[in-house]
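File shown: query27.cif (mmCIF, C-alpha atoms).
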```cif
data_upload
#
loop_
_atom_site.label_atom_id
_atom_site.label_comp_id
_atom_site.auth_asym_id
_atom_site.auth_seq_id
_atom_site.Cartn_x
_atom_site.Cartn_y
_atom_site.Cartn_z
CA MET R 21 30.78 48.28 -29.65
CA THR R 22 29.50 44.75 -28.93
CA SER R 23 27.34 42.58 -31.17
CA THR R 24 24.39 40.71 -29.66
CA ALA R 25 26.23 37.39 -29.94
CA ASP R 26 29.12 38.71 -27.86
CA ALA R 27 26.93 40.22 -25.14
CA PRO R 28 27.55 38.58 -21.77
CA ARG R 29 24.60 36.40 -20.64
CA PRO R 30 22.80 37.76 -17.59
CA PRO R 31 23.94 36.02 -14.41
CA GLY R 32 21.98 32.99 -13.06
CA ARG R 33 19.83 30.56 -14.95
CA PRO R 34 18.00 31.58 -18.10
CA ARG R 35 14.60 33.15 -17.49
CA SER R 36 12.67 30.19 -18.97
CA VAL R 37 14.27 27.66 -16.59
CA ARG R 38 13.47 29.94 -13.65
CA ALA R 39 9.84 30.17 -14.79
CA ASP R 40 9.58 26.37 -15.19
CA GLU R 41 10.90 25.87 -11.69
CA ALA R 42 8.61 28.52 -10.23
CA ILE R 43 5.61 26.84 -11.86
CA ILE R 44 6.55 23.36 -10.56
CA GLU R 45 7.24 24.80 -7.10
CA ALA R 46 3.91 26.64 -7.06
CA THR R 47 2.09 23.43 -8.04
CA LEU R 48 3.74 21.41 -5.27
CA ASP R 49 3.17 24.15 -2.71
CA LEU R 50 -0.53 24.34 -3.52
CA LEU R 51 -0.88 20.53 -3.36
CA ALA R 52 1.02 20.40 -0.06
CA GLU R 53 -1.28 23.07 1.34
CA GLY R 54 -4.30 20.89 0.63
CA SER R 55 -5.42 21.64 -2.92
CA THR R 56 -6.74 18.44 -4.44
CA ILE R 57 -5.69 17.15 -7.86
CA GLU R 58 -9.23 17.88 -9.11
CA ALA R 59 -9.55 21.33 -7.58
CA ILE R 60 -6.13 22.76 -8.41
CA SER R 61 -6.32 25.10 -11.42
CA VAL R 62 -3.85 26.46 -13.92
CA GLU R 63 -5.06 29.94 -12.89
CA ALA R 64 -4.15 29.34 -9.25
CA ILE R 65 -0.77 27.88 -10.19
CA ALA R 66 0.00 30.85 -12.49
CA ALA R 67 -0.95 33.33 -9.78
CA ARG R 68 1.18 31.56 -7.17
CA ALA R 69 4.17 31.30 -9.54
CA GLY R 70 3.86 34.94 -10.61
CA VAL R 71 3.52 34.08 -14.30
CA GLY R 72 0.73 34.35 -16.83
CA LYS R 73 -1.41 31.34 -17.78
CA ALA R 74 0.04 31.59 -21.31
CA THR R 75 3.52 30.91 -19.90
CA ILE R 76 2.23 27.62 -18.45
CA TYR R 77 0.39 26.58 -21.62
CA ARG R 78 3.50 27.32 -23.68
CA ARG R 79 5.36 24.65 -21.68
CA TRP R 80 2.71 22.07 -20.76
CA ALA R 81 -0.22 20.73 -22.80
CA GLY R 82 -2.47 21.16 -19.77
CA LYS R 83 -2.97 20.57 -16.08
CA ASP R 84 -2.38 16.79 -16.24
CA ALA R 85 1.00 17.15 -17.95
CA LEU R 86 2.06 19.77 -15.41
CA LEU R 87 0.89 17.64 -12.47
CA HIS R 88 2.81 14.69 -13.90
CA ASP R 89 6.05 16.69 -14.02
CA ALA R 90 5.45 18.19 -10.59
CA LEU R 91 4.78 14.82 -8.92
CA ARG R 92 7.77 13.31 -10.70
CA THR R 93 10.06 15.87 -9.08
CA LEU R 94 8.84 14.66 -5.65
CA LYS R 95 10.34 11.26 -6.35
CA GLY R 96 13.51 12.31 -8.16
CA GLU R 97 15.02 10.14 -10.88
CA PRO R 98 15.11 6.36 -10.40
CA PRO R 99 18.64 4.97 -9.79
CA GLN R 100 20.40 3.93 -12.99
CA PRO R 101 21.36 0.23 -12.97
CA SER R 102 25.16 -0.23 -12.88
CA GLY R 103 24.89 -3.51 -14.79
CA ARG R 104 27.42 -5.27 -12.55
CA SER R 105 24.95 -7.81 -11.14
CA VAL R 106 21.21 -8.37 -10.95
CA ARG R 107 21.40 -8.43 -7.17
CA GLU R 108 23.20 -5.08 -6.92
CA ASP R 109 20.85 -3.39 -9.39
CA LEU R 110 17.71 -4.75 -7.76
CA VAL R 111 18.81 -3.76 -4.26
CA ALA R 112 19.41 -0.18 -5.47
CA LEU R 113 16.10 0.01 -7.35
CA VAL R 114 14.11 -1.57 -4.51
CA GLY R 115 15.75 0.86 -2.10
CA ALA R 116 14.13 3.74 -4.00
CA VAL R 117 10.61 2.25 -3.86
CA GLY R 118 8.24 4.45 -1.88
CA GLN R 119 10.98 7.02 -1.37
CA ASN R 120 10.48 10.70 -2.07
CA ILE R 121 13.22 13.30 -2.16
CA ASP R 122 10.94 16.25 -1.45
CA PRO R 123 9.46 16.78 2.04
CA ARG R 124 6.19 18.02 0.53
CA ALA R 125 5.57 14.42 -0.56
CA ALA R 126 4.60 13.53 3.02
CA LYS R 127 1.62 15.87 2.65
CA ILE R 128 0.77 15.19 -0.99
CA MET R 129 1.10 11.40 -1.40
CA PRO R 130 -1.28 10.31 1.41
CA CYS R 131 -3.99 12.39 -0.27
CA LEU R 132 -3.29 10.94 -3.72
CA VAL R 133 -3.01 7.30 -2.67
CA PRO R 134 -6.56 6.65 -1.38
CA ASN R 135 -8.01 8.12 -4.56
CA VAL R 136 -5.88 6.15 -6.97
CA LYS R 137 -8.40 3.34 -7.36
CA ARG R 138 -11.49 5.56 -7.26
CA ASN R 139 -10.54 8.24 -9.75
CA ALA R 140 -9.35 7.64 -13.31
CA GLU R 141 -7.42 10.93 -13.45
CA HIS R 142 -5.50 10.11 -10.27
CA TYR R 143 -4.87 6.59 -11.53
CA ALA R 144 -3.46 7.72 -14.88
CA LEU R 145 -1.18 10.18 -13.08
CA TYR R 146 -0.06 7.50 -10.63
CA GLN R 147 0.68 5.00 -13.41
CA SER R 148 2.58 7.59 -15.45
CA ILE R 149 4.99 7.88 -12.53
CA VAL R 150 5.12 4.20 -11.50
CA GLU R 151 5.35 2.51 -14.91
CA PRO R 152 8.74 4.01 -15.94
CA ARG R 153 10.20 2.76 -12.64
CA ARG R 154 8.74 -0.70 -13.20
CA ALA R 155 10.24 -0.61 -16.71
CA VAL R 156 13.77 -0.10 -15.33
CA MET R 157 13.38 -3.08 -12.97
CA ARG R 158 11.83 -5.19 -15.72
CA GLU R 159 14.85 -4.55 -17.94
CA VAL R 160 17.22 -5.65 -15.15
CA LEU R 161 15.28 -8.92 -14.80
CA ARG R 162 15.31 -9.50 -18.58
CA ARG R 163 19.05 -8.81 -18.72
CA GLY R 164 19.50 -11.33 -15.88
CA ILE R 165 17.63 -13.97 -17.87
CA ARG R 166 19.68 -13.23 -21.03
CA ASP R 167 22.95 -13.38 -19.06
CA GLY R 168 22.03 -16.62 -17.29
CA GLU R 169 21.93 -15.06 -13.82
CA LEU R 170 18.19 -15.74 -13.56
CA ARG R 171 16.13 -18.79 -14.48
CA PRO R 172 14.52 -18.40 -17.92
CA ASP R 173 11.08 -19.48 -16.66
CA ILE R 174 10.61 -16.75 -14.04
CA ASP R 175 7.36 -14.79 -13.89
CA VAL R 176 8.74 -11.29 -14.57
CA GLU R 177 5.60 -9.29 -13.71
CA VAL R 178 5.08 -11.17 -10.45
CA THR R 179 8.75 -10.72 -9.57
CA LEU R 180 8.36 -6.96 -9.99
CA ALA R 181 5.46 -7.04 -7.50
CA LEU R 182 7.43 -9.30 -5.13
CA ILE R 183 10.38 -6.96 -4.87
CA THR R 184 8.29 -3.77 -4.80
CA GLY R 185 5.40 -4.79 -2.52
CA PRO R 186 7.31 -5.23 0.75
CA LEU R 187 9.03 -1.83 0.54
CA LEU R 188 5.84 -0.07 -0.51
CA ILE R 189 3.71 -1.47 2.33
CA GLN R 190 6.49 -0.92 4.82
CA ARG R 191 7.13 2.73 3.84
CA MET R 192 3.44 3.55 3.31
CA LEU R 193 1.96 1.74 6.30
CA ASN R 194 4.86 0.54 8.49
CA TRP R 195 3.11 -2.78 7.85
CA ASN R 196 5.34 -4.84 10.16
CA PRO R 197 6.97 -2.72 12.88
CA ASP R 198 9.62 -5.42 13.35
CA LEU R 199 11.07 -4.88 9.85
CA ASP R 200 13.90 -2.38 9.43
CA GLU R 201 13.48 -0.28 6.28
CA THR R 202 17.20 0.20 5.73
CA THR R 203 18.09 -3.50 5.57
CA LEU R 204 14.82 -4.56 3.92
CA PRO R 205 15.82 -4.03 0.25
CA ALA R 206 18.75 -6.46 0.45
CA ARG R 207 16.78 -8.99 2.53
CA VAL R 208 13.90 -8.88 0.05
CA VAL R 209 16.10 -9.30 -3.01
CA ASP R 210 18.14 -12.13 -1.45
CA GLN R 211 15.02 -14.04 -0.44
CA VAL R 212 13.41 -13.58 -3.88
CA LEU R 213 16.61 -14.70 -5.62
CA ALA R 214 17.05 -17.81 -3.46
CA GLY R 215 13.45 -18.91 -2.93
CA ILE R 216 12.34 -20.62 0.25
CA GLN R 217 11.59 -24.17 -0.84
CA ALA R 218 13.77 -27.01 0.47
CA ARG R 219 15.84 -28.53 -2.32
CA MET S 25 -48.23 -23.91 35.23
CA THR S 26 -44.76 -23.44 33.74
CA SER S 27 -41.54 -22.87 35.64
CA THR S 28 -39.11 -20.22 34.41
CA ALA S 29 -36.73 -22.90 33.16
CA ASP S 30 -39.44 -24.43 30.99
CA ALA S 31 -40.60 -21.14 29.50
CA PRO S 32 -40.10 -21.03 25.74
CA ARG S 33 -37.29 -18.67 24.69
CA PRO S 34 -38.50 -15.67 22.72
CA PRO S 35 -38.00 -16.19 18.98
CA GLY S 36 -34.86 -14.88 17.25
CA ARG S 37 -31.46 -14.29 18.75
CA PRO S 38 -31.03 -13.36 22.41
CA ARG S 39 -31.37 -9.66 23.14
CA SER S 40 -27.67 -9.22 24.02
CA VAL S 41 -26.47 -10.59 20.67
CA ARG S 42 -28.91 -8.32 18.84
CA ALA S 43 -27.60 -5.32 20.81
CA ASP S 44 -23.96 -6.25 20.05
CA GLU S 45 -24.75 -6.47 16.36
CA ALA S 46 -26.67 -3.20 16.37
CA ILE S 47 -23.73 -1.45 18.04
CA ILE S 48 -21.19 -2.85 15.55
CA GLU S 49 -23.49 -1.98 12.64
CA ALA S 50 -24.01 1.56 13.95
CA THR S 51 -20.23 2.02 14.26
CA LEU S 52 -19.58 0.83 10.71
CA ASP S 53 -22.45 2.91 9.32
CA LEU S 54 -21.13 6.08 10.98
CA LEU S 55 -17.57 5.41 9.71
CA ALA S 56 -18.85 4.67 6.20
CA GLU S 57 -20.80 7.96 6.27
CA GLY S 58 -17.57 9.85 6.94
CA SER S 59 -17.07 9.97 10.71
CA THR S 60 -13.37 9.78 11.42
CA ILE S 61 -11.81 7.41 13.93
CA GLU S 62 -10.96 10.41 16.11
CA ALA S 63 -14.33 12.15 15.86
CA ILE S 64 -16.65 9.17 16.27
CA SER S 65 -18.05 9.04 19.81
CA VAL S 66 -19.60 6.36 21.98
CA GLU S 67 -22.57 8.75 22.40
CA ALA S 68 -23.14 8.92 18.64
CA ILE S 69 -22.82 5.15 18.27
CA ALA S 70 -25.25 4.54 21.14
CA ALA S 71 -27.78 6.94 19.64
CA ARG S 72 -27.50 5.34 16.20
CA ALA S 73 -27.79 1.81 17.63
CA GLY S 74 -30.77 2.76 19.81
CA VAL S 75 -29.05 1.67 23.02
CA GLY S 76 -27.75 3.47 26.09
CA LYS S 77 -24.04 4.26 26.51
CA ALA S 78 -24.01 1.90 29.50
CA THR S 79 -24.93 -0.99 27.19
CA ILE S 80 -21.80 -0.26 25.13
CA TYR S 81 -19.52 0.10 28.14
CA ARG S 82 -20.86 -3.17 29.57
CA ARG S 83 -19.52 -4.96 26.46
CA TRP S 84 -16.43 -2.96 25.43
CA ALA S 85 -13.75 -1.31 27.56
CA GLY S 86 -13.96 1.82 25.41
CA LYS S 87 -14.09 3.27 21.95
CA ASP S 88 -10.81 1.66 20.79
CA ALA S 89 -11.95 -1.86 21.71
CA LEU S 90 -15.26 -1.30 19.95
CA LEU S 91 -13.56 0.11 16.83
CA HIS S 92 -11.24 -2.89 16.80
CA ASP S 93 -14.16 -5.33 16.78
CA ALA S 94 -16.08 -3.27 14.22
CA LEU S 95 -13.15 -3.08 11.79
CA ARG S 96 -12.43 -6.77 12.30
CA THR S 97 -15.93 -7.63 11.09
CA LEU S 98 -15.16 -5.79 7.81
CA LYS S 99 -12.45 -8.31 7.08
CA GLY S 100 -14.11 -11.47 8.38
CA GLU S 101 -12.06 -14.28 9.89
CA PRO S 102 -8.74 -15.25 8.24
CA PRO S 103 -8.85 -18.64 6.47
CA GLN S 104 -7.83 -21.54 8.70
CA PRO S 105 -4.81 -23.43 7.31
CA SER S 106 -5.74 -26.95 6.25
CA GLY S 107 -2.26 -28.23 7.05
CA ARG S 108 -2.04 -30.30 3.86
CA SER S 109 0.83 -28.30 2.33
CA VAL S 110 2.61 -25.00 2.81
CA ARG S 111 1.73 -24.02 -0.75
CA GLU S 112 -1.98 -24.65 -0.34
CA ASP S 113 -2.15 -22.83 3.00
CA LEU S 114 -0.16 -19.83 1.78
CA VAL S 115 -2.25 -19.48 -1.40
CA ALA S 116 -5.43 -19.41 0.71
CA LEU S 117 -4.00 -16.93 3.25
CA VAL S 118 -2.50 -14.66 0.57
CA GLY S 119 -5.83 -14.73 -1.27
CA ALA S 120 -7.45 -13.07 1.75
CA VAL S 121 -4.88 -10.22 1.94
CA GLY S 122 -6.49 -6.85 1.32
CA GLN S 123 -9.91 -8.48 1.03
CA ASN S 124 -12.92 -7.24 2.92
CA ILE S 125 -16.24 -9.04 3.18
CA ASP S 126 -18.28 -5.92 3.95
CA PRO S 127 -18.99 -3.34 1.23
CA ARG S 128 -18.65 -0.49 3.75
CA ALA S 129 -14.91 -1.25 3.79
CA ALA S 130 -14.56 0.51 0.41
CA LYS S 131 -15.55 3.75 2.18
CA ILE S 132 -13.82 3.17 5.50
CA MET S 133 -10.41 1.72 4.61
CA PRO S 134 -9.19 4.47 2.24
CA CYS S 135 -9.75 6.97 5.06
CA LEU S 136 -7.93 4.84 7.62
CA VAL S 137 -4.94 3.93 5.46
CA PRO S 138 -3.37 7.37 4.85
CA ASN S 139 -3.49 8.08 8.59
CA VAL S 140 -1.93 4.85 9.73
CA LYS S 141 1.59 6.26 9.77
CA ARG S 142 0.63 9.70 11.07
CA ASN S 143 -1.58 8.80 13.99
CA ALA S 144 -0.66 6.43 16.82
CA GLU S 145 -4.29 5.55 17.56
CA HIS S 146 -4.94 4.57 13.92
CA TYR S 147 -1.68 2.62 13.83
CA ALA S 148 -2.47 0.60 16.98
CA LEU S 149 -5.90 -0.22 15.58
CA TYR S 150 -4.40 -1.21 12.24
CA GLN S 151 -1.78 -3.45 13.83
CA SER S 152 -4.35 -5.10 16.11
CA ILE S 153 -6.10 -6.29 12.96
CA VAL S 154 -3.04 -7.11 10.84
CA GLU S 155 -0.82 -8.85 13.39
CA PRO S 156 -3.16 -11.82 14.06
CA ARG S 157 -3.26 -12.47 10.31
CA ARG S 158 0.54 -12.28 10.06
CA ALA S 159 0.70 -14.71 13.00
CA VAL S 160 -1.32 -17.34 11.10
CA MET S 161 1.01 -17.07 8.07
CA ARG S 162 4.09 -17.11 10.31
CA GLU S 163 2.93 -20.37 11.87
CA VAL S 164 2.47 -21.95 8.42
CA LEU S 165 6.06 -20.99 7.52
CA ARG S 166 7.41 -22.35 10.81
CA ARG S 167 5.50 -25.59 10.32
CA GLY S 168 6.99 -25.81 6.80
CA ILE S 169 10.50 -25.47 8.26
CA ARG S 170 9.82 -28.11 10.94
CA ASP S 171 8.36 -30.51 8.36
CA GLY S 172 11.24 -30.00 5.92
CA GLU S 173 9.07 -28.40 3.21
CA LEU S 174 10.96 -25.11 3.59
CA ARG S 175 14.66 -24.38 3.96
CA PRO S 176 15.63 -23.88 7.61
CA ASP S 177 17.55 -20.65 6.88
CA ILE S 178 14.64 -18.64 5.40
CA ASP S 179 13.97 -15.10 6.60
CA VAL S 180 10.46 -15.61 8.02
CA GLU S 181 9.55 -11.93 8.55
CA VAL S 182 10.71 -10.96 5.06
CA THR S 183 8.83 -13.90 3.57
CA LEU S 184 5.64 -12.63 5.23
CA ALA S 185 6.17 -9.25 3.55
CA LEU S 186 7.01 -10.92 0.22
CA ILE S 187 3.78 -12.87 0.05
CA THR S 188 1.60 -10.08 1.45
CA GLY S 189 3.04 -7.03 -0.33
CA PRO S 190 2.04 -7.84 -3.92
CA LEU S 191 -1.61 -8.53 -3.05
CA LEU S 192 -1.85 -5.48 -0.82
CA ILE S 193 -0.45 -3.04 -3.39
CA GLN S 194 -2.51 -4.63 -6.14
CA ARG S 195 -5.82 -4.52 -4.22
CA MET S 196 -5.14 -1.11 -2.67
CA LEU S 197 -3.65 0.68 -5.68
CA ASN S 198 -4.07 -1.61 -8.71
CA TRP S 199 -0.30 -1.13 -8.77
CA ASN S 200 0.28 -3.00 -12.04
CA PRO S 201 -2.83 -3.05 -14.24
CA ASP S 202 -1.42 -6.07 -16.12
CA LEU S 203 -1.64 -8.32 -13.06
CA ASP S 204 -4.81 -10.33 -12.51
CA GLU S 205 -5.86 -10.36 -8.85
CA THR S 206 -7.50 -13.77 -9.02
CA THR S 207 -4.42 -15.67 -10.22
CA LEU S 208 -1.93 -13.50 -8.30
CA PRO S 209 -1.95 -15.41 -4.96
CA ALA S 210 -0.81 -18.69 -6.57
CA ARG S 211 1.72 -16.94 -8.84
CA VAL S 212 3.20 -15.07 -5.87
CA VAL S 213 3.47 -18.14 -3.68
CA ASP S 214 4.97 -20.28 -6.45
CA GLN S 215 7.59 -17.65 -7.29
CA VAL S 216 8.52 -17.15 -3.61
CA LEU S 217 8.78 -20.90 -3.07
CA ALA S 218 10.96 -21.48 -6.14
CA GLY S 219 13.13 -18.35 -6.15
CA ILE S 220 14.37 -16.83 -9.39
CA GLN S 221 18.11 -17.47 -9.33
CA ALA S 222 19.62 -19.83 -11.90
CA ARG S 223 20.84 -23.01 -10.23
#
```
Before anything else, please render the file you have as structure tokens.
Amino acid sequence: MTSTADAPRPPGRPRSVRADEAIIEATLDLLAEGSTIEAISVEAIAARAGVGKATIYRRWAGKDALLHDALRTLKGEPPQPSGRSVREDLVALVGAVGQNIDPRAAKIMPCLVPNVKRNAEHYALYQSIVEPRRAVMREVLRRGIRDGELRPDIDVEVTLALITGPLLIQRMLNWNPDLDETTLPARVVDQVLAGIQAR
Amino acid sequence: MTSTADAPRPPGRPRSVRADEAIIEATLDLLAEGSTIEAISVEAIAARAGVGKATIYRRWAGKDALLHDALRTLKGEPPQPSGRSVREDLVALVGAVGQNIDPRAAKIMPCLVPNVKRNAEHYALYQSIVEPRRAVMREVLRRGIRDGELRPDIDVEVTLALITGPLLIQRMLNWNPDLDETTLPARVVDQVLAGIQAR
């Protein structure tokens, strides 16, 4: 005679985690197969995931919230700063710029990118993914100023664009075929730290 | 009695210039209406321009050469460095990054950009437009090193990416909505010149 509390849990992950994953996977599959952000529907995602629409609405406020979570899984989590030095943290963070951990990103991102400036829904989605990553870098720069590693008069927002821009244009466009993506993060950070003006 | 040499020229531009312009305009119109780089044909361009195919092939070696010239007219000529100072020249050159002088660019460029990394023909076309602009900036940096305005050990190729990247991601994606595009070129150049490291 076993009470409910003592009953062994069924093997594998709990059902709700499996459903969440199936819903995210279905969303990414549909996007990778060519569904646009506008056209994709909660109905289609539910059908593909083998769940009811109610299961989706129990977990996400709506399509935008689900798309946000789905696109975020393409990129993975941003690296956590170790705090040892500004240079080390920036090189790690810059190395993750424009990187995706999911191969479906190669199909999904090029369709999202050209619409980012033309469509408010795409733009909000894009910013909801980009801004938290900028925030991590911003905090590293502010810590560097507090700790005296960086000059107190630096233009923090421009510095974020300086360290991000080269990696983004290189990974998105192969902007300069003579630049090597693997060494670029350290070269960018070193040049931004040192400046180029003669002293 | 008038000799041929004395005959007044017909008013307006010579016929060949008008034909060149009509062909370029027809190419840009077709691209702006949704023709892809792959699908657009010399036949369709000739028909739209009201010229024969032979007229096009007399002026351009083929479709790629014509597309190159057509896309180049979207951007206009890069600013010519004044030579007064590295800062002044870089601010002017960086100000032109991601800028187009023709309104059809807003329809054409977003379709070209996502294909640049996936399609060798698009990529060659893209580089044929971008590399001459990089070359002008590169020469300004090299002049700055020769004249002692810049440190001799700077990483020239990375510096090109540093000054170009922020404007490109901002104009292409409005990457950080808190950055103002009009003041960004000077802020970028000043920060790259000075560096951010405490001295």
Exercise for the section: Step by step: start from the point (11.0, 11.9, -4.2) in the file's coordinates, keep every protein, DNA or RNA residue that has an atom no farther than 6 Å from it, count all atoms listed in the file, and write the set as a PyMOL selection string. Expected result: chain R and resi 94-96+119-122
Exercise for the section: Between atom CA of Ala46 of chain R and atom CA of Ala69 of chain R, measure the distance and give it in Å to one decimal. Expected result: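 According to the coordinates, atom CA of Ala46 of chain R and atom CA of Ala69 of chain R are separated by 5.3 Å.
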Exercise for the section: Find the residues of chain R in contact range of chain S, meaning any atom within 9 Å when counting all atoms listed in the file, and list them as a ChimeraX atom specification. Expected result: /R:129-131,133-137,143,146-147,150-151,154,165,168-175,177-199,204,207-208,211-219
Practice task
List the residues selected by the PyMOL selection byres ((chain S and resi 49) around 12) in the file shown, writing them as a list in words.
Solution key: Arg42, Ala43, Asp44, Glu45, Ala46, Ile47, Ile48, Ala50, Thr51, Leu52, Asp53, Leu54, Leu55, Ala56, Ile69, Ala70, Arg72, Ala73, Gly74, Leu90, Leu91, Asp93, Ala94, Leu95, Thr97, Leu98, Asp126 and Arg128 of chain S
Practice task
Using atom CA of His92 of chain S and atom CA of Ser152 of chain S as the two end points, give the distance in Å to one decimal.
Solution key: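 Result for atom CA of His92 of chain S versus atom CA of Ser152 of chain S: 7.3 Å, one decimal.
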Practice task
Work out how far apart atom CA of Asn143 of chain S and atom CA of Pro156 of chain S are and give it in Å to one decimal.
Solution key: 20.7 Å
Practice task
Select all residues near (-23.7, 9.1, 24.3) (cut-off 12 Å, inclusive, file coordinates), counting only C-alpha atoms, and output them as an MDAnalysis selection string.
Solution key: chainID S and resid 64:81 87
Keeping only C-alpha atoms, write those residues as a JSON list (two decimals), in the frame of the given file.
```json
[["chain", "number", "residue", "atom", "x", "y", "z"],
["S", 64, "ILE", "CA", -16.65, 9.17, 16.27],
["S", 65, "SER", "CA", -18.05, 9.04, 19.81],
["S", 66, "VAL", "CA", -19.60, 6.36, 21.98],
["S", 67, "GLU", "CA", -22.57, 8.75, 22.40],
["S", 68, "ALA", "CA", -23.14, 8.92, 18.64],
["S", 69, "ILE", "CA", -22.82, 5.15, 18.27],
["S", 70, "ALA", "CA", -25.25, 4.54, 21.14],
["S", 71, "ALA", "CA", -27.78, 6.94, 19.64],
["S", 72, "ARG", "CA", -27.50, 5.34, 16.20],
["S", 73, "ALA", "CA", -27.79, 1.81, 17.63],
["S", 74, "GLY", "CA", -30.77, 2.76, 19.81],
["S", 75, "VAL", "CA", -29.05, 1.67, 23.02],
["S", 76, "GLY", "CA", -27.75, 3.47, 26.09],
["S", 77, "LYS", "CA", -24.04, 4.26, 26.51],
["S", 78, "ALA", "CA", -24.01, 1.90, 29.50],
["S", 79, "THR", "CA", -24.93, -0.99, 27.19],
["S", 80, "ILE", "CA", -21.80, -0.26, 25.13],
["S", 81, "TYR", "CA", -19.52, 0.10, 28.14],
["S", 87, "LYS", "CA", -14.09, 3.27, 21.95]]
```
Reconstruct all heavy atoms of segment 192-197 of chain S from the incomplete input and present them as a JSON list (two decimals), in the frame of the given file.
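So selection11.json came out as:
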```json
[["chain", "number", "residue", "atom", "x", "y", "z"],
["S", 192, "LEU", "N", -1.41, -6.72, -1.46],
["S", 192, "LEU", "CA", -1.85, -5.48, -0.82],
["S", 192, "LEU", "C", -1.72, -4.30, -1.78],
["S", 192, "LEU", "O", -2.66, -3.50, -1.91],
["S", 192, "LEU", "CB", -1.02, -5.25, 0.44],
["S", 192, "LEU", "CG", -1.70, -4.58, 1.63],
["S", 192, "LEU", "CD1", -3.05, -5.18, 1.94],
["S", 192, "LEU", "CD2", -0.79, -4.64, 2.85],
["S", 193, "ILE", "N", -0.59, -4.18, -2.48],
["S", 193, "ILE", "CA", -0.45, -3.04, -3.39],
["S", 193, "ILE", "C", -1.39, -3.20, -4.59],
["S", 193, "ILE", "O", -1.90, -2.22, -5.12],
["S", 193, "ILE", "CB", 1.01, -2.78, -3.84],
["S", 193, "ILE", "CG1", 1.58, -3.91, -4.68],
["S", 193, "ILE", "CG2", 1.89, -2.51, -2.63],
["S", 193, "ILE", "CD1", 3.00, -3.62, -5.22],
["S", 194, "GLN", "N", -1.64, -4.42, -5.00],
["S", 194, "GLN", "CA", -2.51, -4.63, -6.14],
["S", 194, "GLN", "C", -3.96, -4.31, -5.78],
["S", 194, "GLN", "O", -4.66, -3.61, -6.53],
["S", 194, "GLN", "CB", -2.38, -6.08, -6.61],
["S", 194, "GLN", "CG", -2.85, -6.32, -8.03],
["S", 194, "GLN", "CD", -2.13, -5.48, -9.07],
["S", 194, "GLN", "OE1", -1.01, -5.04, -8.87],
["S", 194, "GLN", "NE2", -2.79, -5.23, -10.17],
["S", 195, "ARG", "N", -4.42, -4.76, -4.61],
["S", 195, "ARG", "CA", -5.82, -4.52, -4.22],
["S", 195, "ARG", "C", -6.03, -3.09, -3.75],
["S", 195, "ARG", "O", -7.10, -2.53, -3.91],
["S", 195, "ARG", "CB", -6.23, -5.53, -3.15],
["S", 195, "ARG", "CG", -6.31, -6.94, -3.75],
["S", 195, "ARG", "CD", -7.20, -7.88, -2.98],
["S", 195, "ARG", "NE", -7.45, -9.07, -3.80],
["S", 195, "ARG", "CZ", -7.22, -10.33, -3.40],
["S", 195, "ARG", "NH1", -6.78, -10.56, -2.18],
["S", 195, "ARG", "NH2", -7.49, -11.33, -4.21],
["S", 196, "MET", "N", -4.99, -2.47, -3.18],
["S", 196, "MET", "CA", -5.14, -1.11, -2.67],
["S", 196, "MET", "C", -4.99, -0.09, -3.80],
["S", 196, "MET", "O", -5.68, 0.91, -3.83],
["S", 196, "MET", "CB", -4.06, -0.86, -1.61],
["S", 196, "MET", "CG", -4.47, 0.02, -0.48],
["S", 196, "MET", "SD", -3.39, -0.20, 0.97],
["S", 196, "MET", "CE", -1.76, 0.04, 0.32],
["S", 197, "LEU", "N", -4.04, -0.35, -4.70],
["S", 197, "LEU", "CA", -3.65, 0.68, -5.68],
["S", 197, "LEU", "C", -3.81, 0.23, -7.13],
["S", 197, "LEU", "O", -3.56, 1.03, -8.03],
["S", 197, "LEU", "CB", -2.17, 1.04, -5.47],
["S", 197, "LEU", "CG", -1.78, 1.60, -4.10],
["S", 197, "LEU", "CD1", -0.27, 1.58, -3.95],
["S", 197, "LEU", "CD2", -2.30, 3.02, -3.94]]
```
